[in-house]
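For reference, the structure discussed in these notes is given below.
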Amino acid sequence: MGAFFGAVSHRDVALDVFFGVDYHSHLGTRRAGMVTCREGGGFNRQIHSIENTPFRTKFEHDLPALSGTCGMGCISDNDPQPLLVRSHLGLYAISTVGAIANTDELVARFEEDGHQFMAQSSGEVNVNELVAALINTQANIVEGIRYAQDSIEGSLTLLIMTESGELIAARDAMGRLPVLIGKDDDGYCVSFESFAYGKLGYTDEYELGSAEIVKLTADGYETLSPARDEMRICAFLWVYYGYPNSNYEGVNVECMRYRNGAIMARDERAAGLLPEVDYVAGMPDSGLPHGIGYANESGVPLARPFVKYTPTWPRSFMPANQEVRNRVAKMKQIPVPELIRDKRLLLVDDSIVRGTQMRETIDFLRDTGVSEVHMRSACPPIMYGCKFLSFSRSRSEYELIARRKVRELEGDEGEKHLDEYADGRSERSRCLLRSICEEMGFDSLEYQSLDGMLEAIGIDRKKICTYCWTGRD
């Protein structure tokens with residue numbers, strides 16, 4: 001998906017940006033960059049591949065050249081960034097996060113006017129360059145950001161650093177991702193994850209609203225364009241990819257996951273669906289707190305029947321080759337046979353997307369001698385690929401196991417009844433669950449309901465994006 005971190009201060013901020021970006025490493029796996037203002041004008045910048053090397057290892061030797069009182073950096077799953085841009089608006093660095101569905105249309109529009117873009121090796125245009133081109137059509141940066149956000153289909157959150165040593169942060173027009181400001185005695189920072197700046201000595205200062213644009217200097221911050229009332233923040237921030245220590249819209253990630261697991265167990269007990277098992281286990285890593293909540297509510301002991309070996313293995317969804325991803329996933333999960341053999345286990349995961357890695361887990365549990373495996377997903381069945389954020393490598397909605405199973409069960413007719421398939425109380429839903437159990441080797445399967453997940457998040461439901469479950473904006 002990606003993320004950024006920036007800081008501006010009366011002191012050198014290179015280390016703050018270095019550690020602040022590193023604390024966002026869970027949000028991206030391919031590229032990373034850092035840039036600082038050079039005294040007297042211009043920028044110092046470094047961009048590296050982090051596909052097989054941690055961010056810290058790549059950038060620690062660059063720190064002496066990246067000193068400065070204003071800096072920013074990013075983690076990215078896609079294009080190299082931050083980019084440096086020179087235009088009638090001046091020289092600035094730009095980093096973006098989101099997903100733009102109408103890239104080809106926008107590029108063609110510029111090309112018709114004689115505009116040229118630098119092509120990447122794939123032939124595609126760097127999204128940051130495209131966004132900068134949109135911004136540069138306007139009279140100033142603020143009008144340009146608004147124009148860019150109005151022009152794209154998808155989402156666009158961005159951070160700009162000017163040559164004069166100011167940061168300009170803009171949250172997506174619908175607030176799909178968070179942008180927070182922290183403060184210390186010498187200046188300010190801007191971040192996706194609130195815990196990142198807390199560890200650096202900053203305290204919570206402000207959370208941008210939807211479409212809000214804010215300028216930060218060492219002496220303060222000001223809103224350049226006000227927030228909109230409407231919001232559609234991504235629910236997966238809490239369910240899956242947000243870091244446990246972070247807060248979005250005042251709701252802590254770890255606490256939400258405890259509540260979510262407890263709500264699942266509560267509702268299953270009411271429906272008579274709680275199986276008799278020996279242990280509840282959360283799937284590492286983000287499934288663990290959901291599992292803790294489930295175990296606490298159900299009264300079943302929590303255990304770790306397998307452990308993820310993380311010191312040397314990269315994130316399993318990073319390699320482009322599916323066979324390699326599957327092998328990495330298999331190598332990372334190491335069983336504890338004494339907690340598996342002849343035991344009835346209930347596993348809780350944050351989500352079931354394609355099901356490939358889950359199948360590997362079930363296979364090694366069976367090989368280790370498990371008696372029963374009951375599966376629980378901490379969110380409803382995913383029926384639609386996200387069109388707002390790039391956090392999935394799925395190329396087709398039929399790579400999603402729930403959507404593929406609907407098609408296998410009813411063909412085109414099933415497309416008319418996706419809401420029923422997603423509703424755990426309907427007959428179609430029970431058929432879907434049985435079909436997935438047969439393919440995956442589960443003894444039972446239940447998904448968290450949409451209502452239960454939204455209850456666990458606890459903010460106004462109208463402010464939460466649930467597109468991947470409902471298909472509705």
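Ligands are numbered from 1 in the order shown, chains are lettered A, B, ... in the order of the structure tokens, and residues start at 1 in each chain.
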Surrounding residues of Arg304 in chain A excluding itself and chain neighbours under 4 positions, 12 Å, only C-alpha atoms, as a PDB file with C-alpha atoms, in the first residue's frame:
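File produced: out20.pdb:
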```
ATOM      1  CA  ASP A 278      -9.216 -27.454  23.056  1.00  0.00           C
ATOM      2  CA  TYR A 279      -7.580 -24.169  22.056  1.00  0.00           C
ATOM      3  CA  VAL A 280      -8.222 -20.902  20.268  1.00  0.00           C
ATOM      4  CA  ALA A 281      -5.273 -19.645  18.226  1.00  0.00           C
ATOM      5  CA  GLY A 282      -4.804 -16.381  16.377  1.00  0.00           C
ATOM      6  CA  MET A 283      -3.049 -16.484  13.026  1.00  0.00           C
ATOM      7  CA  PRO A 284       0.189 -14.468  13.246  1.00  0.00           C
ATOM      8  CA  ASP A 285       0.427 -11.549  13.198  1.00  0.00           C
ATOM      9  CA  GLY A 287      -5.038 -12.404  13.648  1.00  0.00           C
ATOM     10  CA  LEU A 288      -3.589 -12.770  17.147  1.00  0.00           C
ATOM     11  CA  GLY A 291      -8.037 -14.519  18.591  1.00  0.00           C
ATOM     12  CA  ILE A 292      -7.369 -13.120  22.064  1.00  0.00           C
ATOM     13  CA  LYS A 308       6.040 -17.529  12.598  1.00  0.00           C
ATOM     14  CA  GLN A 333       5.107 -21.257   9.877  1.00  0.00           C
ATOM     15  CA  ILE A 334       6.745 -23.635  12.362  1.00  0.00           C
ATOM     16  CA  PRO A 335       4.477 -26.008  14.353  1.00  0.00           C
ATOM     17  CA  VAL A 336       4.504 -26.843  18.052  1.00  0.00           C
ATOM     18  CA  PRO A 337       3.469 -30.521  17.755  1.00  0.00           C
ATOM     19  CA  GLU A 338       2.546 -30.840  21.443  1.00  0.00           C
ATOM     20  CA  LEU A 339      -0.197 -28.229  20.946  1.00  0.00           C
ATOM     21  CA  ILE A 340      -1.457 -29.702  17.665  1.00  0.00           C
ATOM     22  CA  LEU A 345      -8.165 -26.079  17.247  1.00  0.00           C
ATOM     23  CA  LEU A 346     -10.121 -22.954  16.399  1.00  0.00           C
ATOM     24  CA  LEU A 347      -8.049 -20.519  14.321  1.00  0.00           C
ATOM     25  CA  VAL A 348      -8.882 -16.831  13.973  1.00  0.00           C
TER      26      VAL A 348
END
```
Please list as a PDB file with C-alpha atoms, in the first residue's frame every residue within 10 Å of range 225-238 of chain A, counting only C-alpha atoms and excluding residues in the same chain fewer than 4 positions away.
```
ATOM      1  CA  VAL A 142      -3.253  24.116  -2.885  1.00  0.00           C
ATOM      2  CA  GLU A 143      -5.473  24.626  -5.941  1.00  0.00           C
ATOM      3  CA  ILE A 145      -3.870  19.402  -4.976  1.00  0.00           C
ATOM      4  CA  ARG A 146      -7.615  19.972  -4.996  1.00  0.00           C
ATOM      5  CA  ALA A 170      -3.213  16.467   2.100  1.00  0.00           C
ATOM      6  CA  ARG A 171      -5.562  13.709   3.185  1.00  0.00           C
ATOM      7  CA  ASP A 172      -7.590  11.871   0.543  1.00  0.00           C
ATOM      8  CA  ALA A 173     -10.823  13.567  -0.541  1.00  0.00           C
ATOM      9  CA  MET A 174     -12.836  10.883   1.283  1.00  0.00           C
ATOM     10  CA  GLY A 175     -10.363  10.364   4.126  1.00  0.00           C
ATOM     11  CA  ARG A 176      -9.718   6.744   3.197  1.00  0.00           C
ATOM     12  CA  LEU A 177      -6.304   6.846   4.885  1.00  0.00           C
ATOM     13  CA  PRO A 178      -5.226   8.672   8.057  1.00  0.00           C
ATOM     14  CA  LEU A 208      -6.548  15.851   9.339  1.00  0.00           C
ATOM     15  CA  GLY A 209     -10.109  15.515   8.090  1.00  0.00           C
ATOM     16  CA  SER A 210     -11.186  14.362   4.637  1.00  0.00           C
ATOM     17  CA  ALA A 211      -9.667  16.477   1.832  1.00  0.00           C
ATOM     18  CA  GLU A 212      -7.972  18.762   4.349  1.00  0.00           C
ATOM     19  CA  ILE A 213      -4.700  20.377   3.285  1.00  0.00           C
ATOM     20  CA  VAL A 214      -2.302  21.561   5.998  1.00  0.00           C
ATOM     21  CA  LYS A 215       1.034  23.389   5.886  1.00  0.00           C
ATOM     22  CA  GLY A 242      -2.843  -0.925  10.816  1.00  0.00           C
ATOM     23  CA  TYR A 243      -0.145  -1.367  13.453  1.00  0.00           C
ATOM     24  CA  PRO A 244      -1.465  -2.445  16.908  1.00  0.00           C
ATOM     25  CA  SER A 246      -1.922   3.147  16.331  1.00  0.00           C
ATOM     26  CA  ASN A 247      -5.139   5.119  16.666  1.00  0.00           C
ATOM     27  CA  TYR A 248      -7.357   6.276  13.819  1.00  0.00           C
ATOM     28  CA  GLU A 249     -10.297   8.581  14.438  1.00  0.00           C
ATOM     29  CA  VAL A 251      -9.965   4.228  17.988  1.00  0.00           C
ATOM     30  CA  ASN A 252      -6.982   2.043  18.886  1.00  0.00           C
ATOM     31  CA  VAL A 253      -6.208  -0.837  16.518  1.00  0.00           C
ATOM     32  CA  GLU A 254      -5.371  -3.475  19.138  1.00  0.00           C
ATOM     33  CA  CYS A 255      -8.417  -2.671  21.275  1.00  0.00           C
ATOM     34  CA  MET A 256     -10.683  -2.830  18.220  1.00  0.00           C
ATOM     35  CA  ARG A 257      -9.338  -6.285  17.405  1.00  0.00           C
ATOM     36  CA  ASN A 260     -13.978  -7.763  17.281  1.00  0.00           C
ATOM     37  CA  SER A 286      -2.739  -9.476  12.870  1.00  0.00           C
ATOM     38  CA  ASP A 350      -7.895 -11.194  10.138  1.00  0.00           C
ATOM     39  CA  SER A 351      -9.343 -12.168   6.749  1.00  0.00           C
ATOM     40  CA  CYS A 379     -14.207  -9.767   8.725  1.00  0.00           C
ATOM     41  CA  PHE A 388      -9.372   2.835  -3.670  1.00  0.00           C
ATOM     42  CA  LEU A 389      -6.154   1.440  -2.159  1.00  0.00           C
ATOM     43  CA  PHE A 391      -3.022  -3.328  -0.789  1.00  0.00           C
ATOM     44  CA  MET A 453     -17.114  -5.582  12.597  1.00  0.00           C
ATOM     45  CA  LEU A 454     -18.585  -2.077  12.474  1.00  0.00           C
ATOM     46  CA  ALA A 456     -16.083  -3.246  17.034  1.00  0.00           C
ATOM     47  CA  ILE A 457     -14.725  -0.176  15.231  1.00  0.00           C
ATOM     48  CA  ASP A 460     -20.205   6.425  12.786  1.00  0.00           C
ATOM     49  CA  ARG A 461     -20.785   3.641  10.253  1.00  0.00           C
ATOM     50  CA  LYS A 462     -21.365   6.166   7.483  1.00  0.00           C
ATOM     51  CA  LYS A 463     -17.720   7.214   7.838  1.00  0.00           C
ATOM     52  CA  ILE A 464     -16.310   3.728   7.154  1.00  0.00           C
ATOM     53  CA  CYS A 465     -15.552   2.292   3.703  1.00  0.00           C
ATOM     54  CA  THR A 466     -16.863  -1.271   3.353  1.00  0.00           C
ATOM     55  CA  TYR A 467     -16.635  -1.509  -0.446  1.00  0.00           C
ATOM     56  CA  CYS A 468     -14.723  -4.807  -0.545  1.00  0.00           C
ATOM     57  CA  ASP A 473     -19.131   3.304  -2.275  1.00  0.00           C
TER      58      ASP A 473
END
```
Need the shell around range 2-15 of chain A: protein/DNA/RNA residues with any atom at most 6 Å away, counting only C-alpha atoms. Skip same-chain ones fewer than 6 positions apart. Format as a PyMOL selection string? chain A and resi 21+27-28+67-77+97+186-191+217-218
What's around range 123-140 of chain A at 7 Å? Count only C-alpha atoms, leave out sequence neighbours fewer than 5 positions away in its own chain, and write the answer as a list in words.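 Listed by chain and then number, they are Asp79, Leu83, Ser87, Leu89, Ile94, Ser95, Thr96, Phe117, Met118, Ile145, Tyr147 and Ala148 of chain A.
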Please, could you write that set of residues out with all heavy atoms as an mmCIF file, in the first residue's frame?
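Listing of out.cif after writing:
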```cif
data_model
loop_
_atom_site.group_PDB
_atom_site.id
_atom_site.type_symbol
_atom_site.label_atom_id
_atom_site.label_comp_id
_atom_site.auth_asym_id
_atom_site.auth_seq_id
_atom_site.Cartn_x
_atom_site.Cartn_y
_atom_site.Cartn_z
ATOM 1 N N ASP A 79 5.653 2.710 -7.182
ATOM 2 C CA ASP A 79 6.623 3.544 -7.870
ATOM 3 C C ASP A 79 7.718 4.072 -6.949
ATOM 4 O O ASP A 79 7.475 4.354 -5.777
ATOM 5 C CB ASP A 79 5.919 4.739 -8.512
ATOM 6 C CG ASP A 79 4.825 4.306 -9.468
ATOM 7 O OD1 ASP A 79 4.975 3.229 -10.067
ATOM 8 O OD2 ASP A 79 3.827 5.042 -9.611
ATOM 9 N N LEU A 83 9.530 11.938 -5.622
ATOM 10 C CA LEU A 83 10.055 12.544 -6.834
ATOM 11 C C LEU A 83 10.383 14.010 -6.566
ATOM 12 O O LEU A 83 9.745 14.658 -5.735
ATOM 13 C CB LEU A 83 9.038 12.450 -7.968
ATOM 14 C CG LEU A 83 8.765 11.080 -8.589
ATOM 15 C CD1 LEU A 83 7.938 11.259 -9.857
ATOM 16 C CD2 LEU A 83 10.043 10.315 -8.891
ATOM 17 N N SER A 87 8.682 23.247 -11.541
ATOM 18 C CA SER A 87 7.630 23.805 -12.379
ATOM 19 C C SER A 87 7.460 25.282 -12.053
ATOM 20 O O SER A 87 8.227 25.844 -11.259
ATOM 21 C CB SER A 87 6.309 23.064 -12.137
ATOM 22 O OG SER A 87 5.743 23.452 -10.885
ATOM 23 N N LEU A 89 5.459 26.384 -10.156
ATOM 24 C CA LEU A 89 5.143 26.448 -8.728
ATOM 25 C C LEU A 89 6.394 26.332 -7.862
ATOM 26 O O LEU A 89 6.310 26.369 -6.637
ATOM 27 C CB LEU A 89 4.156 25.330 -8.360
ATOM 28 C CG LEU A 89 2.815 25.353 -9.099
ATOM 29 C CD1 LEU A 89 1.949 24.162 -8.691
ATOM 30 C CD2 LEU A 89 2.071 26.654 -8.854
ATOM 31 N N ILE A 94 7.638 15.311 -3.821
ATOM 32 C CA ILE A 94 6.268 14.820 -3.659
ATOM 33 C C ILE A 94 6.262 13.312 -3.453
ATOM 34 O O ILE A 94 7.032 12.576 -4.077
ATOM 35 C CB ILE A 94 5.384 15.196 -4.877
ATOM 36 C CG1 ILE A 94 3.937 14.721 -4.659
ATOM 37 C CG2 ILE A 94 5.969 14.652 -6.184
ATOM 38 C CD1 ILE A 94 2.953 15.240 -5.696
ATOM 39 N N SER A 95 5.397 12.877 -2.550
ATOM 40 C CA SER A 95 5.164 11.463 -2.298
ATOM 41 C C SER A 95 3.660 11.246 -2.202
ATOM 42 O O SER A 95 2.952 12.054 -1.590
ATOM 43 C CB SER A 95 5.848 11.025 -1.002
ATOM 44 O OG SER A 95 5.637 9.651 -0.749
ATOM 45 N N THR A 96 3.150 10.167 -2.810
ATOM 46 C CA THR A 96 1.712 9.911 -2.819
ATOM 47 C C THR A 96 1.416 8.487 -2.346
ATOM 48 O O THR A 96 2.245 7.589 -2.474
ATOM 49 C CB THR A 96 1.108 10.080 -4.233
ATOM 50 O OG1 THR A 96 1.613 9.050 -5.102
ATOM 51 C CG2 THR A 96 1.458 11.444 -4.808
ATOM 52 N N PHE A 117 6.039 12.304 -20.460
ATOM 53 C CA PHE A 117 6.335 11.704 -19.163
ATOM 54 C C PHE A 117 7.543 10.795 -19.290
ATOM 55 O O PHE A 117 7.745 10.157 -20.326
ATOM 56 C CB PHE A 117 5.149 10.882 -18.648
ATOM 57 C CG PHE A 117 3.949 11.681 -18.250
ATOM 58 C CD1 PHE A 117 2.887 11.852 -19.131
ATOM 59 C CD2 PHE A 117 3.872 12.276 -17.001
ATOM 60 C CE1 PHE A 117 1.773 12.584 -18.765
ATOM 61 C CE2 PHE A 117 2.766 13.014 -16.627
ATOM 62 C CZ PHE A 117 1.712 13.169 -17.512
ATOM 63 N N MET A 118 8.324 10.720 -18.233
ATOM 64 C CA MET A 118 9.386 9.726 -18.176
ATOM 65 C C MET A 118 8.743 8.355 -17.979
ATOM 66 O O MET A 118 7.902 8.178 -17.101
ATOM 67 C CB MET A 118 10.339 10.023 -17.018
ATOM 68 C CG MET A 118 11.099 11.332 -17.159
ATOM 69 S SD MET A 118 12.212 11.333 -18.577
ATOM 70 C CE MET A 118 13.419 10.109 -18.064
ATOM 71 N N ILE A 145 -3.520 20.626 -5.699
ATOM 72 C CA ILE A 145 -3.870 19.402 -4.976
ATOM 73 C C ILE A 145 -5.364 19.129 -5.082
ATOM 74 O O ILE A 145 -5.795 17.998 -5.335
ATOM 75 C CB ILE A 145 -3.437 19.503 -3.500
ATOM 76 C CG1 ILE A 145 -1.912 19.533 -3.398
ATOM 77 C CG2 ILE A 145 -4.007 18.342 -2.682
ATOM 78 C CD1 ILE A 145 -1.384 19.821 -2.007
ATOM 79 N N TYR A 147 -7.355 20.103 -7.417
ATOM 80 C CA TYR A 147 -7.645 19.711 -8.799
ATOM 81 C C TYR A 147 -7.243 18.254 -9.032
ATOM 82 O O TYR A 147 -7.990 17.491 -9.661
ATOM 83 C CB TYR A 147 -6.895 20.624 -9.759
ATOM 84 C CG TYR A 147 -7.052 20.235 -11.211
ATOM 85 C CD1 TYR A 147 -8.258 20.446 -11.882
ATOM 86 C CD2 TYR A 147 -5.989 19.643 -11.907
ATOM 87 C CE1 TYR A 147 -8.403 20.076 -13.214
ATOM 88 C CE2 TYR A 147 -6.128 19.275 -13.229
ATOM 89 C CZ TYR A 147 -7.335 19.488 -13.882
ATOM 90 O OH TYR A 147 -7.487 19.125 -15.200
ATOM 91 N N ALA A 148 -6.084 17.858 -8.521
ATOM 92 C CA ALA A 148 -5.623 16.478 -8.691
ATOM 93 C C ALA A 148 -6.588 15.500 -8.032
ATOM 94 O O ALA A 148 -6.950 14.468 -8.614
ATOM 95 C CB ALA A 148 -4.221 16.321 -8.113
#
```
Please list as a ChimeraX atom specification every residue within 7 Å of range 45-50 of chain A, counting only C-alpha atoms and excluding residues in the same chain fewer than 3 positions away. /A:29-36,53-55,58,80-81
Please measure the separation of CA of Leu418 in chain A and CA of Glu360 in chain A, giving the value in Å to one decimal.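 So the answer is 27.3 Å.
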Near-range 399-401 of chain A list (7 Å; only C-alpha atoms; drop same-chain fewer than 4 positions) as a CSV table (one decimal) with N, CA and C atoms, in the first residue's frame:
```csv
chain,number,residue,atom,x,y,z
A,353,VAL,N,-8.6,-14.1,2.1
A,353,VAL,CA,-8.6,-13.4,0.8
A,353,VAL,C,-8.6,-14.4,-0.4
A,354,ARG,N,-7.4,-14.9,-0.8
A,354,ARG,CA,-7.4,-15.9,-1.8
A,354,ARG,C,-7.4,-17.3,-1.2
A,355,GLY,N,-6.9,-17.4,0.0
A,355,GLY,CA,-7.0,-18.7,0.7
A,355,GLY,C,-5.7,-19.6,0.4
A,382,ILE,N,-14.8,-11.4,1.5
A,382,ILE,CA,-14.4,-10.3,0.6
A,382,ILE,C,-14.9,-10.7,-0.8
A,383,MET,N,-15.8,-9.8,-1.3
A,383,MET,CA,-16.5,-10.1,-2.6
A,383,MET,C,-16.0,-9.2,-3.7
A,394,SER,N,-4.2,-9.1,-6.2
A,394,SER,CA,-5.2,-9.8,-7.0
A,394,SER,C,-5.5,-9.1,-8.2
A,405,LYS,N,-16.0,-19.0,-5.3
A,405,LYS,CA,-16.9,-20.0,-4.9
A,405,LYS,C,-18.3,-19.7,-5.3
```
